[in-house]
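Input: a single structure, listed below in structure tokens.
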Amino acid sequence: MTARGVVAARRQTRWRSGLAQIVFLLAVVILWWLAANRWGASPLLLPKPQLVFFELVDILRSGEFWPDLLLTLGEAAAAFAISATLGLATGFFVSVSPALVKVFEPLLAAVNAVPIILFLPLYILFFGLGAPSKIALGATIGFFPIALNTIAGFSSVDRLYVRSARSMGASPAKLVRHVLVPGALPIVLTGLRMGFTVTLLSIIGSETIASLAGLGHQIVNLAEAMEMPRMFAYIVFVIVIAATLNAIVTRFEKRAAARR
Amino acid sequence: MNVGRFMSRFVTRYPGWSRLAVVVLFFALWEILARFWIDKMFLSPPSRVYGEIGKVFATKGVPEALGVTFFELGVAFAFAVMIGLALGLAIGLNSFARRSFMPIVLLLYGIPQITILPLFILYFGIGAPSKIAFGVTHGVFPIVLTLVAGVQNLKPVLMTSARSMGASRWHILRYVLFPHMVPSLFAGMRLGMAGVLLGVLLAELYVSISGIGHFTSMFTQAFDPTRLLGLISILAAMAIALNEIVRRAEAHFSKWRA
């Protein structure tokens with residue numbers, strides 16, 4: 001197959017998979033509509049899709065989501081800033097010496113294997129029900145993938161490059177700037193993306209479990225008030241927000257890795 | 001000999017001991033902080049947590065709650081593996097199915113499931129079934145994805161040579177596909193276990209009547225960090241043990257490849 005043929009085939013596959021996704025989504029919505037409108041599913045378990053749509057429009061038009069959205073995004077940004085700073089710094093300084101990597105990498109990996117969400121009650125005890133406990137938990141959960149991938153990234157740089165740069169008289173600063181960072185970048189960026197995703201998820205998760213405000217809190221509030229159409233609308237809203245953010249981060253990761 | 005060089009030589013020679021030293025240092029620091037600086041309403045020193053772990057077990061209902069949570073984890077993991085295996089094979093073995101359904105699996109996997117946790121409670125109640133269901137939906141995706149990737153990686157030349165040597169469908173399944181699939185199944189099971197733990201514990205913490213979530217919120221509200229830390233340590237130990245079992249199994253069953 002020629003190169004052009006491969007590209008065309010790939011495009012066709014992508015087109016087909018796009019079609020499959022659309023068909024799947026349509027089928028879900030149609031089944032939902034039939035179940036809620038025709039087959040008599042309880043409106044408490046499955047609200048009518050058209051009502052959910054109107055609620056979604058109402059939420060978007062009234063702008064009542066802004067305080068919760070800003071709070072959740074602010075918490076996520078603060079948590080990610082902390083976890084990225086600490087994770088990158090820890091990862092970099094550990095990766096400086098192979099001995100340190102041998103000591104700390106298994107420790108970090110071991111803690112990472114524990115579901116850290118378990119510590120949420122402790123964080124709430126410590127930081128209260130408000131934003132600080134969410135930020136602290138998100139930062140903790142995001143820290144480990146970032147630190148581990150930073151270690152992996154810097155360790156993956158070929159020693160030969162380092163040695164040859166040194167033998168050509170590169171200063172430590174130049175070595176970091178021109179050899180180590182570019183070499184480690186793809187894996188470090190993957191770590192940052194993973195860190196961002198789990199941070200966002202744990203922020204929404206801890207808001208769902210125990211909080212005073214935020215998007216997760218809003219969903220739980222509506223669930224407890226049995227306002228099903230509005231709750232579904234909020235769920236759709238949050239899923240779209242999270243998917244958009246993840247898509248942006250993934251694209252950023254790919255572009256930064258490709259520019260290298 | 002200066003101290004720095006001695007340390008680095010020690011660390012290089014005995015990484016295990018150095019690791020232990022770091023852990024000991026961490027607990028010592030925690031002990032000192034908790035004993036002298038931090039209000040004991042919020043944090044307990046590890047010595048006290050360790051000493052009073054018996055009290056956690058003696059709390060009425062805690063052993064049963066641990067049993068319930070363990071049961072939820074086990075059932076959710078079993079379901080996740082069964083469903084993941086069936087879906088993974090159905091999608092992975094057929095290239096058309098793979099092309100059309102993989103994007104959908106990825107799409108669903110990308111949904112932050114925590115947002116629909118209230119729905120699980122609504123549909124399955126506040127007892128064990130909602131925890132199991134939430135654990136299954138967290139665990140099933142990694143299993144499907146690794147299994148599909150594993151089956152997909154099968155070199156066509158293996159299939160062709162097996163066929164050309166006259167292997168029947170069953171023989172191909174038994175001697176080519178199955179051994180090839182086992183490592184990725186176990187890799188998927190390891191990731192699936194992490195997912196199941198996350199899902200079940202999230203649901204437990206969200207709302208619980210008989211599982212450990214009930215007690216974590218009880219100890220939090222009572223400002224009893226000793227018992228809270230004790231309970232969390234027990235659960236963390238449980239999680240580590242479960243992870244380790246699956247990890248060992250994975251290492252064992254993918255040995256033949258190395």
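Order determines the names: the first chain of the structure tokens is A, the second B, and so forth; residues in each chain are numbered 1 upward, and ligands are numbered 1 upward as they are shown.
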### Message
Env of Gly74 of chain A: 12 Å cut, atoms = only C-alpha atoms, seq-sep filter 4 positions within chain, self excluded. Answer as a list of chain:residue names.
### Response
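Selected residues are A:Trp66, A:Pro67, A:Asp68, A:Leu69, A:Leu70, A:Ala78, A:Ala79, A:Phe80, A:Ala81, A:Ala131, A:Pro132, A:Lys134, A:Ile135, A:Gly138, A:Thr199, A:Leu200, A:Ile203, A:Ile204, A:Gly214, A:Leu215.
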Print the selection's residues with N, CA, C and O atoms to a file, as an mmCIF file, in the first residue's frame.
```cif
data_model
loop_
_atom_site.group_PDB
_atom_site.id
_atom_site.type_symbol
_atom_site.label_atom_id
_atom_site.label_comp_id
_atom_site.auth_asym_id
_atom_site.auth_seq_id
_atom_site.Cartn_x
_atom_site.Cartn_y
_atom_site.Cartn_z
ATOM 1 N N TRP A 66 -21.806 28.992 37.635
ATOM 2 C CA TRP A 66 -20.495 29.660 37.716
ATOM 3 C C TRP A 66 -19.805 29.529 39.067
ATOM 4 O O TRP A 66 -18.628 29.147 39.109
ATOM 5 N N PRO A 67 -20.492 29.832 40.203
ATOM 6 C CA PRO A 67 -19.766 29.732 41.481
ATOM 7 C C PRO A 67 -19.192 28.337 41.720
ATOM 8 O O PRO A 67 -18.023 28.200 42.080
ATOM 9 N N ASP A 68 -20.023 27.291 41.474
ATOM 10 C CA ASP A 68 -19.546 25.928 41.687
ATOM 11 C C ASP A 68 -18.415 25.569 40.737
ATOM 12 O O ASP A 68 -17.420 24.972 41.127
ATOM 13 N N LEU A 69 -18.598 25.953 39.472
ATOM 14 C CA LEU A 69 -17.576 25.622 38.476
ATOM 15 C C LEU A 69 -16.253 26.286 38.827
ATOM 16 O O LEU A 69 -15.194 25.655 38.814
ATOM 17 N N LEU A 70 -16.335 27.578 39.177
ATOM 18 C CA LEU A 70 -15.102 28.299 39.491
ATOM 19 C C LEU A 70 -14.429 27.712 40.720
ATOM 20 O O LEU A 70 -13.205 27.586 40.761
ATOM 21 N N ALA A 78 -5.281 24.823 42.016
ATOM 22 C CA ALA A 78 -4.384 24.934 43.172
ATOM 23 C C ALA A 78 -3.739 23.582 43.465
ATOM 24 O O ALA A 78 -2.516 23.490 43.676
ATOM 25 N N ALA A 79 -4.561 22.511 43.464
ATOM 26 C CA ALA A 79 -4.028 21.184 43.774
ATOM 27 C C ALA A 79 -2.997 20.774 42.735
ATOM 28 O O ALA A 79 -1.939 20.233 43.065
ATOM 29 N N PHE A 80 -3.304 21.057 41.461
ATOM 30 C CA PHE A 80 -2.365 20.647 40.415
ATOM 31 C C PHE A 80 -1.075 21.446 40.509
ATOM 32 O O PHE A 80 0.020 20.900 40.295
ATOM 33 N N ALA A 81 -1.185 22.737 40.847
ATOM 34 C CA ALA A 81 0.029 23.546 40.995
ATOM 35 C C ALA A 81 0.923 22.952 42.080
ATOM 36 O O ALA A 81 2.133 22.800 41.892
ATOM 37 N N ALA A 131 -12.684 24.014 50.935
ATOM 38 C CA ALA A 131 -11.766 23.798 49.818
ATOM 39 C C ALA A 131 -10.410 23.222 50.240
ATOM 40 O O ALA A 131 -9.866 22.381 49.509
ATOM 41 N N PRO A 132 -9.817 23.629 51.387
ATOM 42 C CA PRO A 132 -8.462 23.146 51.685
ATOM 43 C C PRO A 132 -8.329 21.625 51.690
ATOM 44 O O PRO A 132 -7.336 21.097 51.183
ATOM 45 N N LYS A 134 -9.995 19.478 49.967
ATOM 46 C CA LYS A 134 -10.017 18.983 48.579
ATOM 47 C C LYS A 134 -8.688 19.234 47.883
ATOM 48 O O LYS A 134 -8.165 18.391 47.170
ATOM 49 N N ILE A 135 -8.166 20.451 48.097
ATOM 50 C CA ILE A 135 -6.891 20.798 47.466
ATOM 51 C C ILE A 135 -5.792 19.863 47.969
ATOM 52 O O ILE A 135 -4.993 19.335 47.188
ATOM 53 N N GLY A 138 -6.323 16.339 46.482
ATOM 54 C CA GLY A 138 -5.997 16.348 45.052
ATOM 55 C C GLY A 138 -4.497 16.450 44.832
ATOM 56 O O GLY A 138 -3.936 15.760 43.978
ATOM 57 N N THR A 199 -6.050 14.358 39.675
ATOM 58 C CA THR A 199 -6.332 15.477 40.571
ATOM 59 C C THR A 199 -7.767 15.956 40.380
ATOM 60 O O THR A 199 -8.525 16.090 41.342
ATOM 61 N N LEU A 200 -8.134 16.167 39.117
ATOM 62 C CA LEU A 200 -9.491 16.648 38.839
ATOM 63 C C LEU A 200 -10.534 15.652 39.359
ATOM 64 O O LEU A 200 -11.514 16.024 40.010
ATOM 65 N N ILE A 203 -10.762 15.711 43.112
ATOM 66 C CA ILE A 203 -11.437 16.917 43.609
ATOM 67 C C ILE A 203 -12.955 16.740 43.500
ATOM 68 O O ILE A 203 -13.693 16.944 44.473
ATOM 69 N N ILE A 204 -13.407 16.327 42.318
ATOM 70 C CA ILE A 204 -14.856 16.123 42.156
ATOM 71 C C ILE A 204 -15.324 15.025 43.098
ATOM 72 O O ILE A 204 -16.388 15.121 43.707
ATOM 73 N N GLY A 214 -19.313 23.348 45.280
ATOM 74 C CA GLY A 214 -18.583 22.757 44.170
ATOM 75 C C GLY A 214 -19.502 21.910 43.308
ATOM 76 O O GLY A 214 -20.645 21.643 43.673
ATOM 77 N N LEU A 215 -18.994 21.495 42.151
ATOM 78 C CA LEU A 215 -19.839 20.769 41.203
ATOM 79 C C LEU A 215 -20.283 19.424 41.765
ATOM 80 O O LEU A 215 -21.452 19.043 41.640
#
```
Determine, for each residue of chain A having at least one atom at most 9 Å from an atom of chain B, the closest pair of atoms and their separation in Å to one decimal, counting only C-alpha atoms; order by chain and ascending number, as JSON lines.
```
{"residue": "A:Thr13", "atom": "CA", "partner": "B:Arg99", "partner_atom": "CA", "distance": 7.5}
{"residue": "A:Arg14", "atom": "CA", "partner": "B:Arg99", "partner_atom": "CA", "distance": 8.9}
{"residue": "A:Arg16", "atom": "CA", "partner": "B:Ser100", "partner_atom": "CA", "distance": 7.4}
{"residue": "A:Ser17", "atom": "CA", "partner": "B:Ser100", "partner_atom": "CA", "distance": 5.5}
{"residue": "A:Gly18", "atom": "CA", "partner": "B:Pro103", "partner_atom": "CA", "distance": 7.9}
{"residue": "A:Leu19", "atom": "CA", "partner": "B:Ser100", "partner_atom": "CA", "distance": 8.6}
{"residue": "A:Ala20", "atom": "CA", "partner": "B:Ser100", "partner_atom": "CA", "distance": 5.7}
{"residue": "A:Gln21", "atom": "CA", "partner": "B:Ile104", "partner_atom": "CA", "distance": 5.9}
{"residue": "A:Phe24", "atom": "CA", "partner": "B:Ile104", "partner_atom": "CA", "distance": 7.5}
{"residue": "A:Leu25", "atom": "CA", "partner": "B:Ile104", "partner_atom": "CA", "distance": 8.9}
{"residue": "A:Leu44", "atom": "CA", "partner": "B:Leu122", "partner_atom": "CA", "distance": 8.6}
{"residue": "A:Leu45", "atom": "CA", "partner": "B:Tyr123", "partner_atom": "CA", "distance": 6.9}
{"residue": "A:Ser97", "atom": "CA", "partner": "B:Ser8", "partner_atom": "CA", "distance": 8.9}
{"residue": "A:Pro98", "atom": "CA", "partner": "B:Thr12", "partner_atom": "CA", "distance": 8.0}
{"residue": "A:Ala99", "atom": "CA", "partner": "B:Thr12", "partner_atom": "CA", "distance": 5.0}
{"residue": "A:Leu100", "atom": "CA", "partner": "B:Val11", "partner_atom": "CA", "distance": 7.4}
{"residue": "A:Lys102", "atom": "CA", "partner": "B:Pro15", "partner_atom": "CA", "distance": 6.2}
{"residue": "A:Val103", "atom": "CA", "partner": "B:Arg19", "partner_atom": "CA", "distance": 5.1}
{"residue": "A:Phe104", "atom": "CA", "partner": "B:Arg19", "partner_atom": "CA", "distance": 6.9}
{"residue": "A:Pro106", "atom": "CA", "partner": "B:Arg19", "partner_atom": "CA", "distance": 8.4}
{"residue": "A:Leu107", "atom": "CA", "partner": "B:Arg19", "partner_atom": "CA", "distance": 7.3}
{"residue": "A:Ala110", "atom": "CA", "partner": "B:Ile240", "partner_atom": "CA", "distance": 8.2}
{"residue": "A:Ala113", "atom": "CA", "partner": "B:Ile240", "partner_atom": "CA", "distance": 6.9}
{"residue": "A:Val114", "atom": "CA", "partner": "B:Ala236", "partner_atom": "CA", "distance": 6.0}
{"residue": "A:Pro115", "atom": "CA", "partner": "B:Leu198", "partner_atom": "CA", "distance": 6.0}
{"residue": "A:Ile116", "atom": "CA", "partner": "B:Ala236", "partner_atom": "CA", "distance": 8.6}
{"residue": "A:Ile117", "atom": "CA", "partner": "B:Leu202", "partner_atom": "CA", "distance": 7.1}
{"residue": "A:Leu118", "atom": "CA", "partner": "B:Ile232", "partner_atom": "CA", "distance": 6.5}
{"residue": "A:Phe119", "atom": "CA", "partner": "B:Ile232", "partner_atom": "CA", "distance": 7.0}
{"residue": "A:Leu120", "atom": "CA", "partner": "B:Leu205", "partner_atom": "CA", "distance": 8.5}
{"residue": "A:Pro121", "atom": "CA", "partner": "B:Thr220", "partner_atom": "CA", "distance": 6.2}
{"residue": "A:Leu122", "atom": "CA", "partner": "B:Thr220", "partner_atom": "CA", "distance": 7.2}
{"residue": "A:Ile124", "atom": "CA", "partner": "B:Thr220", "partner_atom": "CA", "distance": 7.7}
{"residue": "A:Leu125", "atom": "CA", "partner": "B:Thr220", "partner_atom": "CA", "distance": 5.9}
{"residue": "A:Phe126", "atom": "CA", "partner": "B:Phe42", "partner_atom": "CA", "distance": 5.9}
{"residue": "A:Leu201", "atom": "CA", "partner": "B:Pro112", "partner_atom": "CA", "distance": 6.6}
{"residue": "A:Ser202", "atom": "CA", "partner": "B:Ile114", "partner_atom": "CA", "distance": 8.6}
{"residue": "A:Ile204", "atom": "CA", "partner": "B:Ile114", "partner_atom": "CA", "distance": 7.2}
{"residue": "A:Gly205", "atom": "CA", "partner": "B:Ile114", "partner_atom": "CA", "distance": 5.7}
{"residue": "A:Ser206", "atom": "CA", "partner": "B:Tyr206", "partner_atom": "CA", "distance": 8.8}
{"residue": "A:Thr208", "atom": "CA", "partner": "B:Tyr206", "partner_atom": "CA", "distance": 7.2}
{"residue": "A:Ile209", "atom": "CA", "partner": "B:Tyr206", "partner_atom": "CA", "distance": 4.6}
{"residue": "A:Ala210", "atom": "CA", "partner": "B:Tyr206", "partner_atom": "CA", "distance": 7.6}
{"residue": "A:Leu215", "atom": "CA", "partner": "B:Thr115", "partner_atom": "CA", "distance": 9.0}
{"residue": "A:Gly216", "atom": "CA", "partner": "B:Thr115", "partner_atom": "CA", "distance": 6.7}
{"residue": "A:Ile219", "atom": "CA", "partner": "B:Thr115", "partner_atom": "CA", "distance": 7.4}
{"residue": "A:Val220", "atom": "CA", "partner": "B:Pro118", "partner_atom": "CA", "distance": 6.5}
{"residue": "A:Ala223", "atom": "CA", "partner": "B:Pro118", "partner_atom": "CA", "distance": 6.5}
{"residue": "A:Glu224", "atom": "CA", "partner": "B:Pro118", "partner_atom": "CA", "distance": 8.7}
{"residue": "A:Phe232", "atom": "CA", "partner": "B:Ile116", "partner_atom": "CA", "distance": 8.8}
{"residue": "A:Tyr234", "atom": "CA", "partner": "B:Thr115", "partner_atom": "CA", "distance": 8.9}
{"residue": "A:Ile235", "atom": "CA", "partner": "B:Thr115", "partner_atom": "CA", "distance": 6.0}
{"residue": "A:Val236", "atom": "CA", "partner": "B:Thr115", "partner_atom": "CA", "distance": 8.9}
{"residue": "A:Val238", "atom": "CA", "partner": "B:Thr115", "partner_atom": "CA", "distance": 7.3}
{"residue": "A:Ile239", "atom": "CA", "partner": "B:Ile111", "partner_atom": "CA", "distance": 6.1}
{"residue": "A:Val240", "atom": "CA", "partner": "B:Ile111", "partner_atom": "CA", "distance": 8.7}
{"residue": "A:Ala242", "atom": "CA", "partner": "B:Pro112", "partner_atom": "CA", "distance": 7.1}
{"residue": "A:Ala243", "atom": "CA", "partner": "B:Gly110", "partner_atom": "CA", "distance": 7.0}
{"residue": "A:Asn246", "atom": "CA", "partner": "B:Gly110", "partner_atom": "CA", "distance": 8.7}
```
### Query
Which parts of segment 7-235 of chain A does DSSP call alpha helix (DSSP H) when run on the backbone here, written out as number ranges by chain?
A: 7-37, 49-62, 66-95, 98-112, 120-127, 131-155, 159-167, 172-175, 181-209, 215-224, 228-235
### Message
Residues near segment 153-168 of chain B, anyone? I mean within 12 Å using only C-alpha atoms, not counting same-chain ones fewer than 3 positions away, as a count of residues only.
### Response
21
### Task
Considering only C-alpha atoms, return as a PyMOL selection string whatever protein or nucleic-acid residues lie within 12 Å of Val29 of chain A, sequence-local ones (same chain, fewer than 2 positions apart) excluded.
chain A and resi 22-27+31-37+46-50+52-53
What's the 7 Å shell around Leu180 of chain A, counting only C-alpha atoms, without same-chain residues fewer than 5 positions away, as a PDB file with N, CA, C and O atoms, in the first residue's frame?
```pdb
ATOM      1  N   PHE A 154      13.680  11.182  33.610  1.00  0.00           N
ATOM      2  CA  PHE A 154      15.087  11.575  33.695  1.00  0.00           C
ATOM      3  C   PHE A 154      15.996  10.350  33.691  1.00  0.00           C
ATOM      4  O   PHE A 154      17.113  10.410  33.191  1.00  0.00           O
ATOM      5  N   VAL A 157      16.912   9.070  30.071  1.00  0.00           N
ATOM      6  CA  VAL A 157      17.841   9.776  29.187  1.00  0.00           C
ATOM      7  C   VAL A 157      19.119   8.945  29.057  1.00  0.00           C
ATOM      8  O   VAL A 157      19.697   8.523  30.056  1.00  0.00           O
ATOM      9  N   LEU A 175      23.683  21.289  30.620  1.00  0.00           N
ATOM     10  CA  LEU A 175      23.371  19.865  30.531  1.00  0.00           C
ATOM     11  C   LEU A 175      21.886  19.634  30.808  1.00  0.00           C
ATOM     12  O   LEU A 175      21.181  18.943  30.071  1.00  0.00           O
TER      13      LEU A 175
END
```
### Task
Find the spatial neighbours of Gly61 of chain B, counting only C-alpha atoms, within a cut-off of 12 Å - ignore same-chain residues fewer than 5 positions away - and output them as an NGL selection string.
:B and (55-56 or 66-68 or 209-215 or 218)
